[in-house]
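Enquirer: Structure: protein_3.csv, CSV, C-alpha atoms.
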chain,number,residue,atom,x,y,z
A,1,SER,CA,-66.3,131.3,6.8
A,2,GLY,CA,-68.0,131.5,10.1
A,3,ASP,CA,-65.1,129.7,11.8
A,4,THR,CA,-63.0,132.2,13.7
A,5,TYR,CA,-59.9,132.0,15.9
A,6,PRO,CA,-57.4,134.4,17.4
A,7,CYS,CA,-54.9,135.5,14.7
A,8,PRO,CA,-51.5,133.8,15.4
A,9,GLY,CA,-49.5,136.9,14.8
A,10,GLU,CA,-51.8,139.3,16.7
A,11,THR,CA,-54.0,137.4,19.1
A,12,SER,CA,-56.2,140.4,19.9
A,13,GLN,CA,-57.5,140.2,16.3
A,14,THR,CA,-59.9,137.6,14.9
A,15,CYS,CA,-59.0,135.5,11.8
A,16,THR,CA,-61.3,133.3,9.7
A,17,LYS,CA,-60.7,130.0,7.9
A,18,GLY,CA,-61.5,131.6,4.6
A,19,GLY,CA,-63.4,134.1,2.5
A,20,ALA,CA,-64.1,135.4,-1.0
A,21,TYR,CA,-65.2,138.6,-2.6
A,22,SER,CA,-65.3,140.3,-6.0
A,23,ALA,CA,-64.4,143.7,-7.2
A,24,PRO,CA,-63.6,145.5,-10.5
A,25,ALA,CA,-59.9,145.0,-11.4
A,26,ALA,CA,-59.5,148.8,-11.6
A,27,LEU,CA,-60.6,149.3,-8.0
A,28,LEU,CA,-58.1,146.8,-6.8
A,29,GLY,CA,-55.3,148.3,-8.9
A,30,ALA,CA,-54.8,145.1,-10.9
A,31,LYS,CA,-53.7,146.2,-14.3
A,32,GLY,CA,-53.6,144.3,-17.6
A,33,GLY,CA,-55.5,144.0,-20.9
A,34,THR,CA,-56.3,140.3,-20.5
A,35,ALA,CA,-57.8,138.1,-17.8
A,36,GLU,CA,-54.4,136.4,-17.5
A,37,ALA,CA,-52.5,139.6,-17.0
A,38,VAL,CA,-54.9,140.9,-14.4
A,39,ALA,CA,-54.9,137.6,-12.4
A,40,LYS,CA,-51.1,137.5,-12.4
A,41,ALA,CA,-50.9,141.2,-11.5
A,42,ASP,CA,-53.4,140.7,-8.5
A,43,ILE,CA,-52.2,137.5,-6.8
A,44,ALA,CA,-49.3,139.0,-4.7
A,45,ALA,CA,-51.6,141.8,-3.4
A,46,ASN,CA,-54.3,139.2,-2.6
A,47,ALA,CA,-51.8,137.0,-0.7
A,48,LYS,CA,-50.5,140.0,1.2
A,49,GLU,CA,-54.1,141.2,2.1
A,50,SER,CA,-55.2,137.7,3.1
A,51,TYR,CA,-52.2,136.3,4.9
A,52,GLY,CA,-49.6,139.1,5.2
A,53,GLY,CA,-49.1,141.7,7.8
A,54,SER,CA,-49.6,141.3,11.6
A,55,SER,CA,-52.3,138.7,11.4
A,56,TYR,CA,-50.1,135.9,10.3
A,57,GLY,CA,-46.7,137.5,10.4
A,58,GLU,CA,-45.2,138.1,7.0
A,59,ILE,CA,-45.4,135.9,3.9
A,60,THR,CA,-42.0,134.2,3.8
A,61,SER,CA,-42.5,132.4,0.5
A,62,HIS,CA,-45.1,131.0,-1.9
A,63,GLN,CA,-45.6,128.1,-4.2
A,64,VAL,CA,-47.6,128.4,-7.4
A,65,LEU,CA,-50.3,125.7,-7.3
A,66,ALA,CA,-52.2,126.7,-10.5
A,67,SER,CA,-52.0,129.2,-13.3
A,68,LYS,CA,-54.6,128.4,-16.0
A,69,ALA,CA,-57.4,129.5,-18.3
A,70,VAL,CA,-60.9,128.9,-17.0
A,71,THR,CA,-64.5,129.6,-18.1
A,72,VAL,CA,-66.4,131.7,-15.5
A,73,ALA,CA,-70.0,132.9,-16.0
A,74,GLY,CA,-69.6,132.1,-19.7
A,75,GLN,CA,-66.5,134.3,-20.0
A,76,LYS,CA,-62.9,133.3,-20.8
A,77,GLY,CA,-61.1,134.0,-17.5
A,78,TYR,CA,-57.8,133.1,-15.8
A,79,LEU,CA,-56.9,132.0,-12.3
A,80,VAL,CA,-53.7,132.0,-10.3
A,81,ARG,CA,-53.5,130.0,-7.1
A,82,TRP,CA,-50.7,130.1,-4.6
A,83,LYS,CA,-49.9,128.5,-1.3
A,84,ALA,CA,-48.6,131.4,0.8
A,85,VAL,CA,-46.3,130.4,3.6
A,86,THR,CA,-46.5,132.6,6.7
A,87,SER,CA,-44.0,133.2,9.5
A,88,LYS,CA,-46.7,132.6,12.2
A,89,GLY,CA,-49.6,130.2,12.2
A,90,ALA,CA,-51.7,129.1,9.3
A,91,ASP,CA,-50.4,129.1,5.8
A,92,GLY,CA,-53.0,130.1,3.2
A,93,LEU,CA,-54.3,129.0,-0.2
A,94,VAL,CA,-55.0,132.2,-2.2
A,95,GLN,CA,-56.6,132.6,-5.6
A,96,SER,CA,-57.0,135.5,-7.9
A,97,LEU,CA,-59.6,134.9,-10.7
A,98,ALA,CA,-60.1,137.5,-13.4
A,99,PHE,CA,-62.7,137.5,-16.2
A,100,PRO,CA,-64.6,140.1,-18.3
A,101,SER,CA,-67.8,141.2,-16.7
A,102,PRO,CA,-70.8,139.4,-18.4
A,103,ALA,CA,-72.7,142.7,-18.2
A,104,ASP,CA,-69.8,144.9,-19.6
A,105,GLY,CA,-67.1,143.1,-21.5
A,106,ASP,CA,-64.8,146.1,-21.2
A,107,ARG,CA,-64.7,145.8,-17.4
A,108,MET,CA,-62.5,143.1,-15.8
A,109,VAL,CA,-63.8,141.5,-12.6
A,110,VAL,CA,-61.5,140.0,-10.0
A,111,VAL,CA,-62.6,137.4,-7.5
A,112,ARG,CA,-60.2,137.1,-4.6
A,113,CYS,CA,-60.4,133.9,-2.4
A,114,GLY,CA,-58.3,132.8,0.5
A,115,VAL,CA,-58.6,129.8,2.8
A,116,ASP,CA,-56.3,128.4,5.4
A,117,ALA,CA,-54.1,125.7,4.0
A,118,ASP,CA,-55.7,123.1,6.3
A,119,GLN,CA,-58.9,123.5,4.2
A,120,LYS,CA,-59.6,121.5,1.0
A,121,VAL,CA,-58.3,123.1,-2.2
A,122,SER,CA,-61.6,121.8,-3.8
A,123,LEU,CA,-63.3,124.7,-2.0
A,124,LEU,CA,-61.6,127.1,-4.3
A,125,ASP,CA,-62.7,125.0,-7.3
A,126,GLU,CA,-66.3,125.0,-6.0
A,127,ILE,CA,-66.3,128.8,-5.7
A,128,THR,CA,-64.9,129.2,-9.3
A,129,GLU,CA,-67.4,126.8,-10.8
A,130,GLY,CA,-70.3,128.3,-8.9
A,131,ILE,CA,-69.9,131.8,-10.2
A,132,GLU,CA,-72.8,132.8,-12.5
A,133,ALA,CA,-73.7,135.9,-14.5
A,134,GLY,CA,-75.9,138.1,-12.3
A,135,PRO,CA,-79.1,140.0,-13.3
A,136,ALA,CA,-78.9,141.9,-16.6
A,137,GLY,CA,-78.7,145.2,-14.6
A,138,GLY,CA,-75.5,144.1,-13.0
A,139,ASP,CA,-76.8,145.2,-9.5
A,140,GLY,CA,-75.1,142.5,-7.5
A,141,ASN,CA,-73.3,143.5,-4.3
A,142,GLY,CA,-70.0,141.7,-5.1
A,143,GLN,CA,-70.3,139.6,-1.9
A,144,ASP,CA,-72.5,136.8,-3.0
A,145,VAL,CA,-70.1,134.8,-5.1
Would it be possible to restate this file's structure as structure tokens?
Expert:
Amino acid sequence: SGDTYPCPGETSQTCTKGGAYSAPAALLGAKGGTAEAVAKADIAANAKESYGGSSYGEITSHQVLASKAVTVAGQKGYLVRWKAVTSKGADGLVQSLAFPSPADGDRMVVVRCGVDADQKVSLLDEITEGIEAGPAGGDGNGQDV
């Protein structure tokens, strides 16, 4: 997102209304042999990275909004979506989406998304539905999701 504002927990820092990126599950430390296990293993770390720490205060609680199987880029994946309640400022909608890489079925990909809770949850659905398999060489940069 290009919308920025002073972080409520640390006003000298800049926060955004949302963002998304992808990375191999192994790089993020999300373990598991299935997309479901990886997504469930990653969501707490995603919430902490997106809305924890000094930027928003600590995450005081969360509510599970979704935990379901999805098809992503032709692969059987799984997503977990939370509403993370923060101690200061904006609460967040965070999503961890895991699926086997279309280029290498043995490698699990995680797409982390986070948007402020005042944004439409449909944004997360649009991101999920818009993910496509990249070039056969798999040379994407992981940012254009």
Enquirer: Which residue, A:Thr34, A:Gln119, A:Thr60, A:Ser12, has the smallest gap to Pro100 (chain A) when you use all atoms listed in the file?
Expert: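 Ranked by minimum distance to Pro100 (chain A), first place goes to A:Thr34.
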Enquirer: At a cut-off of 6 Å, using only C-alpha atoms, what residues contact region 77-86 of chain A? Leave out same-chain residues fewer than 2 positions from it and give the result as a PyMOL selection string.
Expert: chain A and resi 35-36+39+58-71+75+88+91-99
Enquirer: Take the point (-58.0, 146.8, -14.8) in the file's coordinates, draw a sphere of radius 12 Å around it, and report as a ChimeraX atom specification every protein, DNA or RNA residue with an atom inside or on it, counting all atoms listed in the file.
Expert: /A:23-42,98-101,105-110
Enquirer: Using only C-alpha atoms, which residue out of A:Glu132, A:Thr16, A:Ser1, A:Gly114 lies closest to Glu49 (chain A)?
Expert: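 Under the stated criterion, the closest residue is A:Gly114.
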Enquirer: For Gly130 (chain A), work out the shell of residues within 10 Å, counting all atoms listed in the file and skipping chain neighbours fewer than 5 positions away, then give it as a list in words.
Expert: Val72, Ala73, Leu124, Asp125 and Val145 of chain A
Enquirer: Please compute the CA of Ala47 (chain A)-CA of Ile127 (chain A) distance, one decimal, in Å.
Expert: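 We find that CA of Ala47 (chain A) and CA of Ile127 (chain A) lie 17.4 Å from each other.
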Enquirer: Measure the distance from CA of Thr128 (chain A) to CA of Cys15 (chain A) in Å and round it to one decimal.
Expert: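 Separating CA of Thr128 (chain A) from CA of Cys15 (chain A) is a distance of 22.8 Å.
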Enquirer: For CA of Asp118 (chain A) and CA of Ala45 (chain A), quote the distance in Å rounded to one decimal.
Expert: 21.5 Å
Enquirer: Rank A:Asn46, A:Gly52, A:Ser87, A:Cys7 by their smallest atom-to-atom distance to Ser22 (chain A), using all atoms listed in the file, and report the top residue only.
Expert: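 Looking only at the distances to Ser22 (chain A), the closest residue turns out to be A:Asn46.
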Enquirer: Using all atoms listed in the file, which of the listed residues (A:Gly53, A:Gly134, A:Cys113, A:Tyr5) sits closest to Gly18 (chain A)?
Expert: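 Closest candidate: A:Cys113.
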Enquirer: Take the point (-57.8, 135.8, 12.7) in the file's coordinates, draw a sphere of radius 10 Å around it, and report as a PDB file with C-alpha atoms, in the coordinates of the input every protein, DNA or RNA residue with an atom inside or on it, counting all atoms listed in the file.
Expert:
ATOM      1  CA  ASP A   3     -65.100 129.700  11.800  1.00  0.00           C
ATOM      2  CA  THR A   4     -63.000 132.200  13.700  1.00  0.00           C
ATOM      3  CA  TYR A   5     -59.900 132.000  15.900  1.00  0.00           C
ATOM      4  CA  PRO A   6     -57.400 134.400  17.400  1.00  0.00           C
ATOM      5  CA  CYS A   7     -54.900 135.500  14.700  1.00  0.00           C
ATOM      6  CA  PRO A   8     -51.500 133.800  15.400  1.00  0.00           C
ATOM      7  CA  GLY A   9     -49.500 136.900  14.800  1.00  0.00           C
ATOM      8  CA  GLU A  10     -51.800 139.300  16.700  1.00  0.00           C
ATOM      9  CA  THR A  11     -54.000 137.400  19.100  1.00  0.00           C
ATOM     10  CA  SER A  12     -56.200 140.400  19.900  1.00  0.00           C
ATOM     11  CA  GLN A  13     -57.500 140.200  16.300  1.00  0.00           C
ATOM     12  CA  THR A  14     -59.900 137.600  14.900  1.00  0.00           C
ATOM     13  CA  CYS A  15     -59.000 135.500  11.800  1.00  0.00           C
ATOM     14  CA  THR A  16     -61.300 133.300   9.700  1.00  0.00           C
ATOM     15  CA  LYS A  17     -60.700 130.000   7.900  1.00  0.00           C
ATOM     16  CA  GLY A  18     -61.500 131.600   4.600  1.00  0.00           C
ATOM     17  CA  TYR A  51     -52.200 136.300   4.900  1.00  0.00           C
ATOM     18  CA  SER A  54     -49.600 141.300  11.600  1.00  0.00           C
ATOM     19  CA  SER A  55     -52.300 138.700  11.400  1.00  0.00           C
ATOM     20  CA  TYR A  56     -50.100 135.900  10.300  1.00  0.00           C
ATOM     21  CA  GLY A  89     -49.600 130.200  12.200  1.00  0.00           C
ATOM     22  CA  ALA A  90     -51.700 129.100   9.300  1.00  0.00           C
TER      23      ALA A  90
END
Enquirer: So, counting only C-alpha atoms, which residue among A:Gly74, A:Asp104, A:Lys48, A:Ala117 is closest to Ile131 (chain A)?
Expert: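 When distances to Ile131 (chain A) are compared using only C-alpha atoms, the smallest one comes from A:Gly74.
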Enquirer: Using the incomplete input, complete region 88-121 of chain A to the level of N, CA and C atoms; output as a short mmCIF file (atom, residue, chain, number, x, y, z; two decimals), in the coordinates of the input.
Expert:
data_model
loop_
_atom_site.label_atom_id
_atom_site.label_comp_id
_atom_site.auth_asym_id
_atom_site.auth_seq_id
_atom_site.Cartn_x
_atom_site.Cartn_y
_atom_site.Cartn_z
N LYS A 88 -45.99 132.99 10.93
CA LYS A 88 -46.70 132.60 12.20
C LYS A 88 -48.03 131.99 11.81
N GLY A 89 -48.29 130.81 12.33
CA GLY A 89 -49.60 130.20 12.20
C GLY A 89 -49.92 129.64 10.85
N ALA A 90 -51.18 129.74 10.48
CA ALA A 90 -51.70 129.10 9.30
C ALA A 90 -51.11 129.61 8.01
N ASP A 91 -50.69 128.69 7.14
CA ASP A 91 -50.40 129.10 5.80
C ASP A 91 -51.71 129.20 5.04
N GLY A 92 -51.70 129.83 3.87
CA GLY A 92 -53.00 130.10 3.20
C GLY A 92 -52.92 129.64 1.72
N LEU A 93 -54.08 129.27 1.23
CA LEU A 93 -54.30 129.00 -0.20
C LEU A 93 -55.02 130.27 -0.71
N VAL A 94 -54.39 131.00 -1.63
CA VAL A 94 -55.00 132.20 -2.20
C VAL A 94 -55.18 132.08 -3.66
N GLN A 95 -56.25 132.67 -4.15
CA GLN A 95 -56.60 132.60 -5.60
C GLN A 95 -57.07 133.93 -6.06
N SER A 96 -56.52 134.37 -7.19
CA SER A 96 -57.00 135.50 -7.90
C SER A 96 -57.59 135.03 -9.23
N LEU A 97 -58.84 135.33 -9.46
CA LEU A 97 -59.60 134.90 -10.70
C LEU A 97 -60.05 136.13 -11.38
N ALA A 98 -59.69 136.27 -12.63
CA ALA A 98 -60.10 137.50 -13.40
C ALA A 98 -60.87 137.01 -14.64
N PHE A 99 -61.90 137.79 -14.98
CA PHE A 99 -62.70 137.50 -16.20
C PHE A 99 -63.45 138.77 -16.57
N PRO A 100 -63.79 138.91 -17.87
CA PRO A 100 -64.60 140.10 -18.30
C PRO A 100 -65.98 140.00 -17.68
N SER A 101 -66.49 141.12 -17.24
CA SER A 101 -67.80 141.20 -16.70
C SER A 101 -68.84 140.72 -17.76
N PRO A 102 -69.75 139.80 -17.42
CA PRO A 102 -70.80 139.40 -18.40
C PRO A 102 -71.67 140.58 -18.78
N ALA A 103 -71.80 141.58 -17.89
CA ALA A 103 -72.70 142.70 -18.20
C ALA A 103 -71.94 143.82 -18.96
N ASP A 104 -70.60 143.84 -18.89
CA ASP A 104 -69.80 144.90 -19.60
C ASP A 104 -68.45 144.27 -19.90
N GLY A 105 -68.31 143.75 -21.09
CA GLY A 105 -67.10 143.10 -21.50
C GLY A 105 -65.83 143.90 -21.43
N ASP A 106 -65.96 145.23 -21.31
CA ASP A 106 -64.80 146.10 -21.20
C ASP A 106 -64.30 146.21 -19.76
N ARG A 107 -65.08 145.70 -18.80
CA ARG A 107 -64.70 145.80 -17.40
C ARG A 107 -64.26 144.40 -16.92
N MET A 108 -63.08 144.35 -16.34
CA MET A 108 -62.50 143.10 -15.80
C MET A 108 -62.93 142.97 -14.34
N VAL A 109 -63.40 141.79 -13.97
CA VAL A 109 -63.80 141.50 -12.60
C VAL A 109 -62.70 140.60 -11.99
N VAL A 110 -62.40 140.82 -10.72
CA VAL A 110 -61.50 140.00 -10.00
C VAL A 110 -62.22 139.36 -8.81
N VAL A 111 -62.11 138.06 -8.64
CA VAL A 111 -62.60 137.40 -7.50
C VAL A 111 -61.42 136.92 -6.67
N ARG A 112 -61.29 137.45 -5.46
CA ARG A 112 -60.20 137.10 -4.60
C ARG A 112 -60.73 136.04 -3.56
N CYS A 113 -60.02 134.95 -3.42
CA CYS A 113 -60.40 133.90 -2.40
C CYS A 113 -59.13 133.63 -1.60
N GLY A 114 -59.37 133.27 -0.37
CA GLY A 114 -58.30 132.80 0.50
C GLY A 114 -58.85 131.90 1.56
N VAL A 115 -58.21 130.76 1.74
CA VAL A 115 -58.60 129.80 2.80
C VAL A 115 -57.33 129.30 3.45
N ASP A 116 -57.46 128.97 4.73
CA ASP A 116 -56.30 128.40 5.40
C ASP A 116 -55.92 127.09 4.74
N ALA A 117 -54.63 126.81 4.76
CA ALA A 117 -54.10 125.70 4.00
C ALA A 117 -54.59 124.32 4.57
N ASP A 118 -55.19 124.31 5.76
CA ASP A 118 -55.70 123.10 6.30
C ASP A 118 -57.13 122.76 5.70
N GLN A 119 -57.64 123.66 4.87
CA GLN A 119 -58.90 123.50 4.20
C GLN A 119 -58.67 122.75 2.86
N LYS A 120 -59.71 122.16 2.30
CA LYS A 120 -59.60 121.50 1.00
C LYS A 120 -59.46 122.45 -0.12
N VAL A 121 -58.50 122.23 -1.00
CA VAL A 121 -58.30 123.10 -2.20
C VAL A 121 -59.56 123.04 -3.05
#
